[in-house]
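Student: Questions regarding the structure given below will be posed in turn.
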Amino acid sequence: MKAKTQEEPVEKVTSEEYKYGFVTDIEADSAPAGLNEDIIRFISHKKKEPQFLLNWRLKAYGQWLKMKTPEWAFVQYPPIDYQDIVYYSAPKAGPKSLAEVDPEVLKTFEKLGVPMEERAMLAGVAVDAVFDSVSVGTTFKKKLGEMGVIFCSFSEAVQEHPELIEQYLGSVVPYNDNFYATLNSAVFTDGSFCYIPKGVRCPMELSTYFRINAAKTGQFERTLLIADEGAYVSYLEGCTAPMRDENQLHAAVVELVAMKNAEIKYSTVQNWYPGDKEGKGGIYNFVTKRGACRGENSKISWTQVETGSAITWKYPSCILQGDNSVGEFYSVAVVNNMQQADTGTKMIHLGKNTKSTIVSKGISAGKGQNTYRGLVRIQPAAENAHNFTQCDSLLMGDKCGAHTVPYIEVKNNSAKVGHEASTSKIGEDQIFYCQQRGLSKEDAVNLIVNGFCKEVFRKLPMEFAVEAQKLLSVSLEGSVG
Amino acid sequence: MLVIKGLKAKVEDKQILNGIDLEIRSGEVHAIMGPNGSGKSTLAHVLSGRPGYEITGGEVTLDGKDLLSLSPEDRARAGVFLAFQYPVEIPGVNNTYFLKAALNAVRKSKGEEELDAMDFLELVKAKLKPLKMDEAMLQRAVNEGFSGGEKKKNEILQMAVLEPKLGILDETDSGLDIDALKVVADGVNALRSKNRSFLVVTHYQRLLDYIVPDQVHVLAKGKIIKTGGKELALELEEKGYGWLTGEKEEAKR
Ligand SMILES: Nc1ncnc2c1ncn2[C@@H]1O[C@H](COP(=O)(O)OP(=O)(O)O)[C@@H](O)[C@H]1O
Ligand SMILES: [Mg+2]
């Protein structure tokens with residue numbers, strides 16, 4: 001009788017090809033590669049922007065020239081040649097309605113599972129889809145318009161509501177905030193804008209799908225979302241990207257403003273192309289996301305599921321200015337193969353009785369490196385501030401890493417700050433236990449991982465939670481036996 | 001039903017099972033007893049396909065079909081159930097959800113229709129009652145924060161739901177007080193049928209007062225050194241294992 005071995009390493013389960021690897025061929029109307037004042041003027045001119053915006057861009061550019069790439073994050077990558085990037089590219093035909101949208105583009109959305117008309121309707125989701133740097137379609141606008149909700153592309157908002165842009169742009173993430181945000185301020189091309197007027201509960205989830213397409217095109221999205229007094233909005237952001245051989249930079253900025261008694265729920269499922277098994281060709285995702293709880297009793301919740309990108313550098317944060325305001329951060333970050341993620345949040349407590357909750361779940365597989373980096377700062381005026389942080393890491397295999405870097409600064413003695421952290425390895429014994437009950441190895445891994453992420457998934461809108469679980473299994477499942 | 005011939009297995013280059021021969025017919029209950037470290041759990045693990053063991057000889061068939069070439073999940077689907085000596089915790093995974101997924105995986109493999117949530121809940125509640133388990137346990141995460149007794153009961157509940165052909169109980173009695181022991185034994189006895197067999201691994205005779213075996217085997221150093229009827233268990237209780245293994249008496253209860 002031959003010797004049999006029953007050994008099967010966990011790593012095998014964690015390799016899966018990127019499922020959304022395809023490229024749409026659309027002729028791009030691009031700016032030449034490189035960055036200088038002329039390029040910025042070109043972008044601003046193309047977008048017919050008012051003078052104040054051009055001035056703001058140029059101010060940011062001037063500042064950016066004096067700044068250095070941040071090096072404190074636990075990520076490694078070759079230096080980026082900013083003169084080799086194309087800062088403006090748009091599909092040639094400028095469609096004004098869905099009917100006019102390039103069928104190629106629509107097909108791409110189909111492949112991604114985003115059939116705009118049907119699914120958006122069925123799900124009651126208004127989609128402001130960003131393809132490359134120009135918005136190609138907005139639905140449900142009319143219905144929202146009747147309630148006074150403004151939901152449109154950033155460029156459109158610049159044309160239609162310049163006063164709101166001038167008032168709020170850079171009011172949460174200033175033009176000189178950090179290297180990538182400053183770069184974005186100089187060269188951003190498009191994104192989404194949303195304004196919920198006083199007392200309005202936005203009746204549907206608002207959503208954007210992002211997608212990187214033209215080769216070597218940096219994506220510099222700018223999102224600005226304002227919930228006026230007593231308003232409520234739940235916003236979904238999701239994306240996937242096609243297979244690419246060269247690294248692509250993505251440096252977005254998202255600003256949220258919540259006024260008195262307003263609430264913003266911002267949910268993200270991020271699935272940028274992570275690169276191949278050697279880490280070649282993935283997206284660099286350097287994002288600045290920040291929300292200001294400006295008024296009393298306001299609330300901002302960030303929920304994110306990060307499965308993609310070669311490198312993720314992202315800290316959705318809350319500035320808790322208003323008394324009794326609440327900030328939340330619920331995050332699942334997955335790294336596999338050569339992926340690196342340095343992500344977390346900042347909770348800045350300024351007002352009295354402010355509360356923040358941080359729940360971070362990091363999953364590392366392959367040779368992935370996952371770092372949680374979080375700051376909790378209680379300022380002197382923040383009487384009775386509360387924070388609770390829970391930070392769990394799950395390791396799959398022994399070539400990956402998990403790191404936790406909490407910063408806690410308490411300048412008011414009445415504060416209550418709690419921090420819990422755990423690191424566990426996905427157990428061969430857990431997988432075997434599931435298999436012994438009849439579940440496949442893949443299903444076992446999914447089950448265990450989903451259990452680990454449960455607290456975060458529970459925070460996602462239903463539709464998104466399903467999508468997030470699928471993404472997670474795509475990122476981690478594989479060719480078993 | 002289960003036929004084991006000359007089964008040998010290694011763990012990390014250490015030979016643990018040294019040629020085991022055992023036949024369990026349909027409806028029979030066999031007990032495996034033996035000193036600590038004699039290879040009882042190893043046998044249970046090898047039969048159920050736990051990774052980390054190298055089979056160095058012999059064969060195992062279930063209803064005439066080779067078992068050792070199957071993946072653990074295929075063995076489970078073929079009707080092998082292992083009640084773990086140390087049941088595993090799966091944080092965040094709802095007990096009912098887990099059990100339903102398991103049952104449906106087994107049913108699907110047999111070409112049977114999967115149960116929906118409502119039907120499943122009805123089924124599982126019916127199985128829960130005789131085990132004197134609190135319904136709240138169904139909504140907790142699998143084994144997380146369960147007491148020792150609750151974990152063992154949960155194993156029996158899973159077995160009752162999955163209705164295997166062969167139930168392997170690995171020291172299910174350890175860590176149970178006498179009341180829980182009776183409940184667990186009743187649970188097992190209720191599952192006894194002419195189409196279902198059991199391999200009951202235990203260190204102590206006590207369990208066998210309640211689950212009365214057809215045969216008792218003594219395992220020592222990876223070999224079955226004696227086989228007898230249920231009286232053998234009582235004899236072992238009295239004399240310990242030393243008279244069989246030729247070694248010094250080991251700690252008794
Ligand atoms: N993973 C392992 N590595 C090395 N030795 C092991 C391992 N698992 C079990 N053993 C050894 O195998 C022998 C049998 O163990 P086990 O089957 O658990 O015994 P029992 O269940 O009868 O108490 C023991 O000597 C034990 O130390
Ligand atoms: Mg044992």
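We label chains A, B, ... in the order they appear in the structure tokens, count residues from 1 in each chain, and number ligands from 1 in the order shown.
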Give me, as a PDB file with C-alpha atoms, in the first residue's frame, the residues of chain B touching chain A, with the criterion being at most 6 Å (counting only C-alpha atoms).

Tutor:
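Result saved to part-v3.pdb:
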```pdb
ATOM      1  CA  PRO B  51      -4.491  16.673   7.947  1.00  0.00           C
ATOM      2  CA  GLY B  52      -1.074  16.023   9.426  1.00  0.00           C
ATOM      3  CA  GLU B  54       0.740  10.045   7.071  1.00  0.00           C
ATOM      4  CA  ILE B  55      -0.847   6.692   6.327  1.00  0.00           C
ATOM      5  CA  THR B  56       2.006   4.238   6.038  1.00  0.00           C
ATOM      6  CA  GLY B  57       0.032   1.076   5.487  1.00  0.00           C
ATOM      7  CA  PRO B  72     -12.409  14.961   4.875  1.00  0.00           C
ATOM      8  CA  GLU B  73     -15.597  16.559   3.558  1.00  0.00           C
ATOM      9  CA  ALA B  76     -18.326  13.346   6.166  1.00  0.00           C
ATOM     10  CA  ARG B  77     -20.753  13.310   3.255  1.00  0.00           C
ATOM     11  CA  PRO B  91     -16.063  33.017  16.407  1.00  0.00           C
ATOM     12  CA  GLY B  92     -18.770  35.040  14.708  1.00  0.00           C
ATOM     13  CA  VAL B  93     -20.349  32.056  12.969  1.00  0.00           C
ATOM     14  CA  ALA B 102     -23.283  21.465   6.990  1.00  0.00           C
ATOM     15  CA  ALA B 105     -23.721  20.336   2.007  1.00  0.00           C
ATOM     16  CA  VAL B 106     -24.339  16.712   2.956  1.00  0.00           C
TER      17      VAL B 106
END
```

Student: Check which residues of chain B sit at most 12 Å from ligand 1 using only C-alpha atoms and all ligand atoms, and return one row each with the closest pair of atoms and their distance in Å to one decimal, ordered by chain and rising number, as a tab-separated table.

Tutor:
```
residue	atom	partner	partner_atom_place_in_ligand_line	distance
B:Ala9	CA	ligand 1	12 (O)	9.9
B:Lys10	CA	ligand 1	12 (O)	8.4
B:Val11	CA	ligand 1	3 (N)	5.5
B:Glu12	CA	ligand 1	3 (N)	5.7
B:Asp13	CA	ligand 1	4 (C)	8.2
B:Lys14	CA	ligand 1	5 (N)	6.7
B:Gln15	CA	ligand 1	12 (O)	8.0
B:Ile16	CA	ligand 1	12 (O)	5.5
B:Leu17	CA	ligand 1	14 (C)	8.2
B:Asn18	CA	ligand 1	14 (C)	11.3
B:Ile32	CA	ligand 1	22 (O)	9.3
B:Met33	CA	ligand 1	22 (O)	8.1
B:Gly34	CA	ligand 1	22 (O)	6.4
B:Pro35	CA	ligand 1	22 (O)	6.2
B:Asn36	CA	ligand 1	23 (O)	3.8
B:Gly37	CA	ligand 1	19 (O)	3.4
B:Ser38	CA	ligand 1	22 (O)	4.0
B:Gly39	CA	ligand 1	17 (O)	3.2
B:Lys40	CA	ligand 1	22 (O)	3.7
B:Ser41	CA	ligand 1	21 (O)	3.6
B:Thr42	CA	ligand 1	17 (O)	3.6
B:Leu43	CA	ligand 1	17 (O)	6.5
B:Ala44	CA	ligand 1	17 (O)	8.0
B:His45	CA	ligand 1	17 (O)	8.1
B:Val46	CA	ligand 1	17 (O)	9.6
B:Leu47	CA	ligand 1	17 (O)	11.9
B:Arg50	CA	ligand 1	1 (N)	10.8
B:Pro51	CA	ligand 1	1 (N)	9.9
B:Gly52	CA	ligand 1	1 (N)	7.1
B:Tyr53	CA	ligand 1	1 (N)	8.2
B:Glu54	CA	ligand 1	1 (N)	11.1
B:Phe84	CA	ligand 1	21 (O)	11.0
B:Gln85	CA	ligand 1	21 (O)	8.6
B:Tyr86	CA	ligand 1	18 (O)	11.1
B:Leu169	CA	ligand 1	21 (O)	11.4
B:Asp170	CA	ligand 1	21 (O)	7.9
B:Glu171	CA	ligand 1	21 (O)	8.2
B:Thr172	CA	ligand 1	21 (O)	11.8
B:Ser174	CA	ligand 1	21 (O)	11.8
B:Val200	CA	ligand 1	21 (O)	11.9
B:Val201	CA	ligand 1	21 (O)	8.3
B:Thr202	CA	ligand 1	21 (O)	8.7
B:His203	CA	ligand 1	22 (O)	8.2
B:Tyr204	CA	ligand 1	23 (O)	11.9
B:Val218	CA	ligand 1	22 (O)	10.4
B:Leu219	CA	ligand 1	22 (O)	7.8
B:Ala220	CA	ligand 1	22 (O)	8.1
B:Lys221	CA	ligand 1	14 (C)	7.9
B:Gly222	CA	ligand 1	14 (C)	7.7
B:Lys223	CA	ligand 1	22 (O)	10.9
B:Ile224	CA	ligand 1	22 (O)	11.7
```

Student: Could you check the closest approach to Glu235 (chain B) for each of B:Ile90, B:Val216, B:Ile4, B:Met159 and tell me which residue wins, using only C-alpha atoms?

Tutor: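 Looking only at the distances to Glu235 (chain B), the closest residue turns out to be B:Val216.
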
Student: Can you list, as an MDAnalysis selection string, every protein, DNA or RNA residue that comes within 12 Å of Lys411 (chain A) when you count only C-alpha atoms, leaving out same-chain residues fewer than 6 positions away?

Tutor: chainID A and resid 348:350 376:385 417

Student: Next, write the just-selected residues to a file, as a PDB file, in the first residue's frame, keeping C-alpha atoms as the atom set.

Tutor:
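Below is the file that was written, selection_26.pdb:
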```pdb
ATOM      1  CA  ILE A 348     -10.265  63.760  16.778  1.00  0.00           C
ATOM      2  CA  HIS A 349     -12.465  64.666  19.746  1.00  0.00           C
ATOM      3  CA  LEU A 350     -13.032  68.392  20.090  1.00  0.00           C
ATOM      4  CA  VAL A 376      -7.477  58.729  18.960  1.00  0.00           C
ATOM      5  CA  ARG A 377      -6.974  62.292  20.126  1.00  0.00           C
ATOM      6  CA  ILE A 378      -8.976  63.831  22.948  1.00  0.00           C
ATOM      7  CA  GLN A 379      -8.513  67.596  22.956  1.00  0.00           C
ATOM      8  CA  PRO A 380      -8.639  69.620  26.210  1.00  0.00           C
ATOM      9  CA  ALA A 381     -12.164  70.946  25.605  1.00  0.00           C
ATOM     10  CA  ALA A 382     -13.598  67.489  24.918  1.00  0.00           C
ATOM     11  CA  GLU A 383     -15.216  66.799  28.308  1.00  0.00           C
ATOM     12  CA  ASN A 384     -16.486  63.258  28.759  1.00  0.00           C
ATOM     13  CA  ALA A 385     -15.226  61.897  25.493  1.00  0.00           C
ATOM     14  CA  VAL A 417     -10.529  55.347  26.056  1.00  0.00           C
TER      15      VAL A 417
END
```

Student: May I ask which of the residues B:Ala83, B:Met133, B:Ile20, B:Leu2 is the closest one to ligand 2, counting only C-alpha atoms and all ligand atoms?

Tutor: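 Between B:Ala83, B:Met133, B:Ile20, B:Leu2, the residue approaching ligand 2 most closely is B:Ala83.
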
Student: Excluding Lys47 (chain A) and residues on its chain fewer than 4 positions from it, collect all residues at most 10 Å away from it, counting only C-alpha atoms, and give them as an NGL selection string.

Tutor: :A and (41-43 or 134 or 155-156 or 158-159 or 189-190)

Student: Identify all residues of region 93-218 of chain B in strand (DSSP E or B) (DSSP on the backbone) and supply them as number ranges by chain.

Tutor: B: 93-94, 141-142, 166-170, 193, 196-201, 215-218

Student: Take the selection from the previous step and output its residues with C-alpha atoms, as a short mmCIF file (atom, residue, chain, number, x, y, z; two decimals), in the first residue's frame.

Tutor:
```
data_model
loop_
_atom_site.label_atom_id
_atom_site.label_comp_id
_atom_site.auth_asym_id
_atom_site.auth_seq_id
_atom_site.Cartn_x
_atom_site.Cartn_y
_atom_site.Cartn_z
CA VAL B 93 -20.35 32.06 12.97
CA ASN B 94 -23.87 31.41 14.12
CA ALA B 141 -21.31 31.43 17.75
CA VAL B 142 -20.15 27.85 17.19
CA LEU B 166 -20.73 5.90 11.49
CA GLY B 167 -20.45 8.02 14.61
CA ILE B 168 -17.00 8.24 16.13
CA LEU B 169 -17.05 9.64 19.66
CA ASP B 170 -13.64 10.73 20.93
CA SER B 193 -30.26 1.91 14.81
CA ARG B 196 -25.87 3.14 12.12
CA SER B 197 -22.67 2.10 13.88
CA PHE B 198 -20.59 3.74 16.56
CA LEU B 199 -16.97 3.74 17.52
CA VAL B 200 -16.82 5.01 21.08
CA VAL B 201 -13.38 6.08 22.25
CA GLN B 215 -17.46 -5.18 21.62
CA VAL B 216 -14.63 -3.59 23.58
CA HIS B 217 -11.10 -3.27 22.20
CA VAL B 218 -8.02 -2.31 24.11
#
```

Student: So how many Å separate CA of Lys277 (chain A) and CA of Tyr315 (chain A), to one decimal?

Tutor: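 CA of Lys277 (chain A) sits 25.8 Å away from CA of Tyr315 (chain A).
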
Student: Ranking B:Asp119, B:Glu155, B:Ile178, B:Asp173 by minimum distance to ligand 2 and counting only C-alpha atoms and all ligand atoms, which one comes first?

Tutor: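 Distance minimum relative to ligand 2 lands on B:Asp173.
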
Student: By how many Å are CA of Lys355 (chain A) and CA of Ser317 (chain A) apart?

Tutor: 13.2 Å

Student: So what do you get for CA of Ile300 (chain A) versus CA of Leu320 (chain A), distance-wise?

Tutor: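 Pair CA of Ile300 (chain A) / CA of Leu320 (chain A) returns 9.0 Å.
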